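Enquirer: What follows is structure-v2.txt; its format and atoms are compact mmCIF, C-alpha atoms.
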# COMPACT_ATOMS: atom_id res chain seq x y z
CA MET A 1 149.12 182.59 129.38
CA SER A 2 147.68 179.20 128.51
CA THR A 3 145.17 177.69 130.91
CA ILE A 4 142.95 174.65 130.99
CA ALA A 5 140.19 176.90 129.62
CA HIS A 6 142.15 177.38 126.39
CA VAL A 7 142.32 173.64 125.77
CA LYS A 8 138.62 173.24 126.63
CA GLN A 9 137.73 176.08 124.23
CA GLN A 10 139.53 174.27 121.43
CA VAL A 11 137.55 171.08 122.04
CA ASP A 12 134.29 173.06 122.39
CA ARG A 13 134.93 174.86 119.11
CA ILE A 14 135.49 171.57 117.33
CA TRP A 15 132.40 170.18 119.06
CA TYR A 16 129.98 172.96 118.12
CA ALA A 17 131.36 174.70 115.03
CA SER A 18 131.33 171.72 112.65
CA PHE A 19 128.51 171.43 110.14
CA GLN A 20 127.94 167.76 110.95
CA THR A 21 127.24 166.72 114.54
CA ASP A 22 128.64 163.19 114.28
CA LEU A 23 131.81 164.54 112.71
CA ALA A 24 132.29 167.08 115.52
CA ASP A 25 131.57 164.55 118.27
CA THR A 26 133.90 161.98 116.73
CA LEU A 27 136.75 164.45 116.26
CA ALA A 28 136.51 165.77 119.82
CA ALA A 29 136.47 162.23 121.26
CA HIS A 30 139.37 161.22 119.01
CA LEU A 31 141.55 164.13 120.14
CA ARG A 32 140.89 163.37 123.80
CA ARG A 33 141.51 159.63 123.38
CA HIS A 34 144.79 160.05 121.51
CA ALA A 35 146.06 162.74 123.87
CA LEU A 36 145.26 160.43 126.78
CA ALA A 37 147.20 157.59 125.13
CA GLY A 38 150.17 159.92 124.67
CA VAL A 39 150.07 161.05 128.31
CA GLN A 40 150.01 157.42 129.48
CA ALA A 41 152.89 156.41 127.20
CA ALA A 42 154.98 159.41 128.30
CA LEU A 43 154.36 158.76 131.99
CA GLU A 44 155.11 155.05 131.81
CA MET A 45 158.37 155.61 129.94
CA ALA A 46 159.37 158.47 132.29
CA LEU A 47 158.82 156.20 135.31
CA VAL A 48 160.94 153.47 133.73
CA GLU A 49 163.69 155.99 132.98
CA GLU A 50 163.57 157.32 136.56
CA LEU A 51 163.90 153.80 137.92
CA GLU A 52 166.83 153.06 135.59
CA ALA A 53 168.55 156.28 136.73
CA HIS A 54 168.13 155.06 140.32
CA ARG A 55 169.71 151.68 139.49
CA GLN A 56 172.53 153.04 137.32
CA PRO A 57 175.14 153.72 140.10
CA TYR A 58 174.93 150.09 141.22
CA ARG A 59 175.63 148.66 137.76
CA GLN A 60 179.39 149.09 138.19
CA HIS A 61 179.25 146.00 140.38
CA SER A 62 176.83 143.14 140.57
CA LEU A 63 173.30 144.56 140.76
CA PRO A 64 171.80 143.67 144.17
CA ILE A 65 168.77 141.40 144.10
CA ALA A 66 166.68 144.13 145.76
CA LEU A 67 167.30 146.43 142.76
CA GLN A 68 166.32 143.92 140.13
CA ARG A 69 163.11 144.67 138.20
CA SER A 70 159.99 142.81 139.28
CA GLY A 71 157.22 143.65 136.81
CA THR A 72 154.71 146.46 137.35
CA TYR A 73 151.62 147.40 139.29
CA THR A 74 148.80 149.67 138.12
CA ARG A 75 147.16 152.79 139.52
CA ARG A 76 144.72 155.47 138.41
CA VAL A 77 145.75 158.99 137.45
CA LEU A 78 143.52 161.91 136.49
CA THR A 79 144.32 164.06 133.45
CA THR A 80 142.52 166.89 131.67
CA HIS A 81 141.29 164.35 129.13
CA GLY A 82 139.99 161.79 131.65
CA PHE A 83 141.27 159.03 133.92
CA ILE A 84 144.09 156.68 133.04
CA PRO A 85 142.69 153.58 134.76
CA ASP A 86 145.74 151.35 134.39
CA LEU A 87 148.98 153.34 134.48
CA HIS A 88 151.80 150.76 134.77
CA ILE A 89 154.34 151.59 137.50
CA PRO A 90 157.62 149.60 137.41
CA LYS A 91 158.62 147.69 140.57
CA LEU A 92 161.83 146.47 142.15
CA ARG A 93 162.18 143.17 144.01
CA ALA A 94 162.39 145.03 147.34
CA GLY A 95 162.30 148.52 148.82
CA ASN A 96 159.43 149.86 146.73
CA ARG A 97 157.61 151.47 149.65
CA ALA A 98 160.73 153.18 150.94
CA ARG A 99 161.72 154.60 147.56
CA SER A 100 160.41 158.09 146.72
CA TRP A 101 159.30 158.85 143.16
CA GLN A 102 159.76 162.26 141.55
CA VAL A 103 157.99 161.94 138.19
CA LEU A 104 154.82 160.77 139.92
CA THR A 105 154.72 160.81 143.72
CA ARG A 106 153.09 157.99 145.65
CA TYR A 107 149.82 159.77 146.42
CA GLN A 108 149.70 162.12 143.42
CA LEU A 109 146.32 161.71 141.69
CA SER A 110 146.59 164.20 138.84
CA MET A 111 149.23 165.36 136.38
CA PRO A 112 150.58 168.88 135.61
CA LEU A 113 148.50 170.72 133.03
CA LEU A 114 151.52 171.23 130.77
CA LEU A 115 151.80 167.49 130.11
CA ASP A 116 148.12 167.27 129.14
CA GLN A 117 148.41 170.38 126.95
CA ALA A 118 151.58 169.28 125.20
CA LEU A 119 150.19 165.88 124.23
CA TYR A 120 146.82 167.35 123.18
CA LEU A 121 148.53 169.98 121.03
CA TYR A 122 150.75 167.32 119.46
CA THR A 123 147.59 165.64 118.17
CA LEU A 124 146.78 169.00 116.52
CA GLY A 125 150.17 169.35 114.89
CA LEU A 126 152.62 170.61 117.52
CA SER A 127 156.14 169.82 116.27
CA ILE A 128 158.08 166.94 117.77
CA ARG A 129 160.79 169.44 118.82
CA ASP A 130 158.26 171.51 120.76
CA LEU A 131 156.84 168.37 122.36
CA GLN A 132 160.35 167.32 123.34
CA GLU A 133 161.06 170.70 124.96
CA ALA A 134 157.77 170.60 126.88
CA LEU A 135 158.61 167.18 128.27
CA TYR A 136 162.12 168.34 129.18
CA ILE A 137 160.63 171.16 131.27
CA LEU A 138 158.47 168.59 133.07
CA PHE A 139 161.00 165.81 133.57
CA GLY A 140 164.42 167.47 133.08
CA HIS A 141 164.99 167.88 136.81
CA VAL A 142 164.76 164.08 137.16
CA LEU A 143 165.89 162.63 133.82
CA SER A 144 168.75 163.23 131.43
CA ARG A 145 168.03 164.79 128.03
CA GLU A 146 168.66 161.40 126.40
CA ALA A 147 166.04 159.86 128.68
CA VAL A 148 163.60 162.67 127.86
CA ASN A 149 164.20 161.96 124.16
CA ARG A 150 163.16 158.35 124.75
CA VAL A 151 160.07 159.53 126.66
CA THR A 152 159.20 161.79 123.72
CA ARG A 153 159.44 158.91 121.24
CA ALA A 154 157.27 156.75 123.50
CA ALA A 155 154.58 159.47 123.69
CA GLN A 156 154.78 160.08 119.96
CA SER A 157 154.33 156.44 118.98
CA PRO A 158 150.65 155.74 119.87
CA MET A 159 149.50 159.05 118.38
CA ASP A 160 151.43 158.71 115.13
CA ALA A 161 150.29 155.11 114.63
CA TRP A 162 146.75 156.27 113.80
CA ARG A 163 147.96 158.95 111.38
CA THR A 164 149.89 156.44 109.30
CA GLN A 165 147.82 153.24 109.54
CA PRO A 166 146.82 151.84 106.11
CA ILE A 167 143.26 152.40 104.87
CA THR A 168 141.98 148.99 103.80
CA ASP A 169 138.25 149.75 103.47
CA THR A 170 137.44 152.85 101.39
CA PRO A 171 133.97 154.31 102.07
CA PRO A 172 131.78 155.54 99.19
CA ILE A 173 131.01 158.83 100.97
CA LEU A 174 133.28 161.37 102.62
CA LEU A 175 132.13 164.14 104.95
CA VAL A 176 134.72 166.92 105.01
CA ASP A 177 134.82 170.08 107.07
CA GLY A 178 137.18 172.81 108.13
CA VAL A 179 136.84 174.14 111.69
CA TRP A 180 138.51 177.48 112.33
CA GLY A 181 139.85 178.34 115.75
CA GLN A 182 142.85 179.51 117.69
CA VAL A 183 145.30 176.67 118.18
CA LEU A 184 147.79 177.15 121.01
CA GLN A 185 151.42 177.16 119.91
CA PRO A 186 154.58 177.86 121.92
CA THR A 187 156.23 181.27 121.53
CA GLY A 188 159.61 180.07 122.82
CA ALA A 189 159.36 182.21 125.95
CA LEU A 190 159.13 180.88 129.51
CA TRP A 191 157.42 182.25 132.61
CA ILE A 192 157.32 181.39 136.31
CA ASP A 193 153.97 180.59 137.89
CA GLN A 194 152.90 181.42 141.47
CA SER A 195 154.34 178.13 142.71
CA GLY A 196 157.74 178.93 141.22
CA HIS A 197 157.44 176.38 138.41
CA GLU A 198 158.77 177.14 134.95
CA ARG A 199 156.05 177.25 132.29
CA ARG A 200 156.06 177.70 128.51
CA GLU A 201 154.26 180.70 127.05
CA MET A 202 151.57 179.68 124.56
CA ARG A 203 149.79 181.96 122.08
CA GLY A 204 146.69 181.32 120.01
CA VAL A 205 147.24 181.20 116.23
CA ASP A 206 144.30 181.18 113.83
CA GLN A 207 144.32 177.87 111.95
CA VAL A 208 141.80 175.48 110.48
CA ILE A 209 141.46 171.79 111.27
CA LEU A 210 140.61 169.98 108.04
CA THR A 211 138.63 166.87 108.98
CA VAL A 212 137.46 163.85 106.98
CA MET A 213 134.91 161.25 108.06
CA GLY A 214 134.06 158.17 106.01
CA VAL A 215 130.48 156.90 105.71
CA TRP A 216 129.63 153.39 104.47
CA GLU A 217 126.37 152.16 102.93
CA ASP A 218 125.49 150.15 106.04
CA GLY A 219 125.53 153.33 108.16
CA ARG A 220 128.99 152.92 109.66
CA HIS A 221 130.99 156.13 110.01
CA GLN A 222 134.57 156.66 111.10
CA LEU A 223 136.97 159.57 111.41
CA MET A 224 139.65 158.97 108.80
CA HIS A 225 141.99 161.94 109.01
CA TYR A 226 142.49 165.47 110.27
CA GLN A 227 145.29 167.97 109.90
CA LEU A 228 146.04 171.61 110.58
CA ALA A 229 146.21 174.12 107.75
CA ALA A 230 146.61 177.85 107.37
CA ALA A 231 143.63 178.12 105.00
CA GLU A 232 140.89 176.07 103.33
CA ASP A 233 142.49 176.54 99.93
CA THR A 234 143.12 174.09 97.11
CA ALA A 235 146.68 173.39 98.24
CA ALA A 236 145.58 172.45 101.77
CA TRP A 237 142.77 170.15 100.58
CA SER A 238 145.09 168.60 97.97
CA ASP A 239 147.69 167.87 100.64
CA LEU A 240 145.05 166.18 102.81
CA LEU A 241 143.70 164.06 99.92
CA THR A 242 147.22 163.12 98.87
CA THR A 243 147.89 161.88 102.40
CA LEU A 244 144.72 159.77 102.40
CA ILE A 245 145.46 158.26 99.00
CA GLY A 246 149.01 157.53 100.14
CA ARG A 247 147.58 155.57 103.08
CA GLY A 248 145.48 153.43 100.72
CA LEU A 249 142.27 155.38 100.02
CA ASP A 250 140.86 154.14 96.69
CA ALA A 251 139.98 157.28 94.74
CA ALA A 252 137.76 155.35 92.31
CA THR A 253 135.53 154.10 95.15
CA ILE A 254 134.58 157.58 96.41
CA GLN A 255 131.19 158.50 94.95
CA LEU A 256 130.17 161.52 96.99
CA VAL A 257 131.89 164.23 99.04
CA VAL A 258 129.68 166.29 101.36
CA SER A 259 131.04 169.67 102.40
CA ASP A 260 130.24 173.29 103.11
CA GLY A 261 130.96 175.97 100.53
CA SER A 262 134.77 175.81 100.77
CA THR A 263 136.07 177.44 97.60
CA GLY A 264 139.33 175.48 97.54
CA LEU A 265 137.77 172.02 97.66
CA PRO A 266 136.30 171.58 94.13
CA ALA A 267 139.66 171.94 92.37
CA ALA A 268 141.29 169.50 94.81
CA LEU A 269 138.49 166.97 94.24
CA ALA A 270 138.78 167.30 90.45
CA SER A 271 142.46 166.50 90.70
CA HIS A 272 142.45 163.71 93.30
CA LEU A 273 138.90 162.26 93.32
CA PRO A 274 137.69 162.83 89.75
CA ASN A 275 134.82 160.32 90.00
CA ALA A 276 133.28 161.86 93.12
CA LYS A 277 130.35 164.26 93.06
CA GLN A 278 130.28 167.10 95.55
CA GLN A 279 127.16 167.85 97.57
CA ARG A 280 126.93 170.94 99.69
CA CYS A 281 125.84 170.42 103.28
CA VAL A 282 122.09 170.99 103.70
CA VAL A 283 122.63 172.95 106.92
CA HIS A 284 124.92 175.39 105.11
CA LYS A 285 122.48 175.70 102.24
CA ILE A 286 119.69 176.71 104.59
CA ARG A 287 121.97 179.07 106.51
CA GLY A 288 122.71 180.80 103.22
CA LEU A 289 119.01 180.84 102.40
CA GLU A 290 118.26 182.66 105.67
CA ARG A 291 119.75 185.83 104.18
CA SER A 292 116.83 185.92 101.73
CA PHE A 293 114.01 185.23 104.21
CA CYS A 294 111.15 187.73 104.05
CA TYR A 295 110.12 189.43 107.28
CA ARG A 296 107.10 191.41 106.07
CA ASP A 297 103.68 190.89 107.67
CA LEU A 298 105.10 189.25 110.79
CA THR A 299 102.85 187.43 113.24
CA MET A 300 103.02 189.57 116.39
CA ILE A 301 101.13 187.10 118.62
CA ASP A 302 102.73 183.92 119.98
CA PRO A 303 100.62 181.05 118.54
CA LEU A 304 101.08 178.96 121.70
CA THR A 305 100.69 181.47 124.52
CA GLN A 306 98.70 184.13 122.64
CA GLU A 307 101.02 186.70 124.22
CA PRO A 308 102.21 189.69 122.17
CA LEU A 309 105.69 189.39 120.67
CA THR A 310 108.41 191.98 120.27
CA TYR A 311 109.59 192.67 116.75
CA GLU A 312 112.82 190.71 117.30
CA ALA A 313 110.91 187.77 118.80
CA ALA A 314 108.53 187.80 115.81
CA ARG A 315 111.50 187.78 113.38
CA ARG A 316 113.05 184.89 115.29
CA LEU A 317 109.78 182.92 115.15
CA ARG A 318 109.48 183.54 111.38
CA ARG A 319 113.08 182.39 110.86
CA GLN A 320 112.46 179.20 112.87
CA HIS A 321 109.33 178.36 110.86
CA LEU A 322 111.00 179.01 107.51
CA SER A 323 114.10 177.00 108.47
CA THR A 324 111.93 174.08 109.60
CA ASP A 325 109.98 174.16 106.33
CA ALA A 326 113.21 174.33 104.32
CA HIS A 327 114.66 171.30 106.15
CA ALA A 328 111.43 169.41 105.48
CA ILE A 329 112.03 169.70 101.71
CA PHE A 330 115.32 167.84 101.97
CA GLU A 331 113.83 165.27 104.35
CA ALA A 332 110.99 164.31 102.00
CA PRO A 333 110.83 160.54 101.35
CA THR A 334 110.33 160.92 97.58
CA ARG A 335 111.19 163.41 94.84
CA ALA A 336 107.51 164.09 94.22
CA GLU A 337 106.92 164.93 97.88
CA ALA A 338 110.01 167.16 97.90
CA ASP A 339 108.72 169.03 94.83
CA ALA A 340 105.33 169.50 96.52
CA ARG A 341 106.96 170.87 99.68
CA LEU A 342 109.15 173.16 97.63
CA PHE A 343 106.07 174.51 95.80
CA ASP A 344 104.38 175.28 99.13
CA PHE A 345 107.59 176.87 100.47
CA LEU A 346 108.16 179.30 97.61
CA PRO A 347 106.37 182.67 97.81
CA VAL A 348 103.34 183.14 95.59
Give the structure from this file in structure tokens form.

Expert:
Amino acid sequence: MSTIAHVKQQVDRIWYASFQTDLADTLAAHLRRHALAGVQAALEMALVEELEAHRQPYRQHSLPIALQRSGTYTRRVLTTHGFIPDLHIPKLRAGNRARSWQVLTRYQLSMPLLLDQALYLYTLGLSIRDLQEALYILFGHVLSREAVNRVTRAAQSPMDAWRTQPITDTPPILLVDGVWGQVLQPTGALWIDQSGHERREMRGVDQVILTVMGVWEDGRHQLMHYQLAAAEDTAAWSDLLTTLIGRGLDAATIQLVVSDGSTGLPAALASHLPNAKQQRCVVHKIRGLERSFCYRDLTMIDPLTQEPLTYEAARRLRRQHLSTDAHAIFEAPTRAEADARLFDFLPV
């Protein structure tokens, strides 16, 4: 069954598995921020719909002054993705203290996990139908299905706005990566928790999150797009690049694409970004180089403590030294210095 740990593991995998730290940090923050915006939009619309359902029986006659709307007030609510500091609660002209809320009770400080999960998973590609069904399980005992449909559209809006906003400033460099992990998806089955609440069964499905970050010459960097795919093949990368170009990415402006060794990317770049050169990520290059490191004549004494080392500790120390020296080649300030460091690095 899905738990808060599953959602956290997804974020952690995105955070740590990416080849580029800024890209991983930015993606994780983006997912949390957009899920939080969806939770807030869903809650605010659900509260409005609950209030309208309360007023509906009185509309057959003249609506009493006490039941007329009177703006909103704000309160804080905790979610899995952080606090909503300014959730807008609709008010009536009178009787607000006496009225009991069902979507969000007066002293309720946190929301059900299912709401947080559903909106987070929607940012990762959960279908709008599945999102709608999740929200119906949460709010169906209070709201009509038509009202839940309106809540779904309200939650969908702030998250979809980013996916479709035009790209007006194309960066010269793209960092692209595919992060594999198990993404929770609904199975269609339901189960009853210990409190007697109906919950949706979620199962992990292996998928990859294809992610693109733009980098400008002045050092600015910005997450530009991400989408789920079944594989890092040419079709998946082509679909992603087509989406970016459709949003306004200028293919002629892209000069460099930095990536790992994804085999499907070169053909997609040749088709959609023909002017761009591809550079493999330095970290992945050195990881591949580690398979060829030599572990003969190991130093069996720790150079700092002068304590004897085990064989595994000595191998680990050799790998650390060789990796540091390999990184230093790429970090050289000039080509001549890089060549000199490479000469010293290579075995005699």

Enquirer: Fewer than 4 positions away in the same chain doesn't count, so skip those; otherwise give me all residues within 10 Å of Ile286 in chain A, counting all atoms listed in the file, as JSON, numbers by chain.

Expert: {"A": [281, 282, 290, 291, 322, 323, 324, 326, 327]}

Enquirer: Excluding Leu273 in chain A and its own-chain neighbours fewer than 5 positions away, which residues fall within 12 Å of it when counting all atoms listed in the file? Please give them as a PyMOL selection string.

Expert: chain A and resi 172-174+237-238+240-242+244-245+249-257+265-268+278

Enquirer: Interatomic distance between CA of Gln320 in chain A and CA of Pro303 in chain A?

Expert: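 For CA of Gln320 in chain A relative to CA of Pro303 in chain A, the distance reads 13.3 Å.
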
Enquirer: Could you jot down the CA of Ile167 in chain A to CA of Gly38 in chain A separation for me, Å, one decimal place?

Expert: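 Pair CA of Ile167 in chain A / CA of Gly38 in chain A returns 22.3 Å.
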
Enquirer: Pick out the residues sitting within 7 Å of range 155-160 of chain A, and hand them over as a PDB file with C-alpha atoms, in the coordinates of the input; count all atoms listed in the file, and ignore anything fewer than 6 positions along from it in its own chain.

Expert:
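Output contents, as saved in out09.pdb:
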ATOM      1  CA  HIS A  34     144.790 160.050 121.510  1.00  0.00           C
ATOM      2  CA  ALA A  37     147.200 157.590 125.130  1.00  0.00           C
ATOM      3  CA  GLY A  38     150.170 159.920 124.670  1.00  0.00           C
ATOM      4  CA  VAL A  39     150.070 161.050 128.310  1.00  0.00           C
ATOM      5  CA  ALA A  41     152.890 156.410 127.200  1.00  0.00           C
ATOM      6  CA  ALA A  42     154.980 159.410 128.300  1.00  0.00           C
ATOM      7  CA  THR A 123     147.590 165.640 118.170  1.00  0.00           C
TER       8      THR A 123
END

Enquirer: Mind working out the centre and edge lengths of an axis-aligned box for range 216-219 of chain A, all listed atoms inside, 5 Å added to each side, rounded to one decimal in Å and written as AutoDock Vina command-line options?

Expert:
--center_x 127.6 --center_y 151.8 --center_z 105.5 --size_x 14.1 --size_y 13.2 --size_z 15.2

Enquirer: Go through A:Met45, A:Ala340, A:Cys294, A:Leu210 one by one, measure the shortest atom-to-atom distance of each to Asp177 in chain A using all atoms listed in the file, and give the residue with the smallest value.

Expert: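 That would be A:Leu210, the residue with the smallest distance to Asp177 in chain A.
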
Enquirer: Enumerate, as a list of chain:residue names, the protein, DNA and RNA residues whose atoms approach (132.5, 177.3, 104.3) to within 9 Å, taking into account only C-alpha atoms and the coordinate frame of the file.

Expert: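 It turns out the residues near that spot are A:Asp177, A:Gly178, A:Glu232, A:Ser259, A:Asp260, A:Gly261, A:Ser262, A:Thr263, A:His284.
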
Enquirer: Which residues are close to Asp302 in chain A, i.e. within 12 Å by only C-alpha atoms, leaving aside same-chain residues fewer than 4 positions away? Reply as a PyMOL selection string.

Expert: chain A and resi 298+306-311+313-318

Enquirer: Using all atoms listed in the file, pick whichever of A:Ala46, A:Ile329, A:Leu289, A:Val215 has the shortest atom-to-atom distance to Glu146 in chain A.

Expert: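 Under the stated criterion, the closest residue is A:Ala46.
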
Enquirer: Go ahead and compute the interatomic distance for CA of Val176 in chain A and CA of Arg341 in chain A, in Å to one decimal.

Expert: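 Between CA of Val176 in chain A and CA of Arg341 in chain A the gap is 28.5 Å.
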
Enquirer: Leaving out range 95-97 of chain A and any residue of its chain fewer than 5 positions from it, which residues lie within 9 Å of it when counting all atoms listed in the file, given as number ranges by chain?

Expert: A: 66-67, 106

Enquirer: Using only C-alpha atoms, can you list as a PyMOL selection string the residues within 6 Å of (152.6, 152.9, 138.0)?

Expert: chain A and resi 73-75+87-89

Enquirer: For Thr211 in chain A, which of A:Ala53, A:Leu31, A:Ala235, A:Ala154 is the closest residue, counting only C-alpha atoms?

Expert: A:Leu31

Enquirer: Using all atoms listed in the file, which residue out of A:Leu36, A:Ile84, A:Ala94, A:Ala161 lies closest to Ser70 in chain A?

Expert: A:Ala94

Enquirer: Identify which of the residues A:Val142, A:Val148, A:Ala28, A:Ala236 lies closest to Arg129 in chain A, counting all atoms listed in the file when measuring atom-to-atom distances.

Expert: A:Val148

Enquirer: For a quick check of understanding, using all atoms listed in the file, which of A:Gly246, A:Gly214, A:Gly264, A:Gly219 has the smallest distance to Thr26 in chain A?

Expert: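 Under the stated criterion, the closest residue is A:Gly214.
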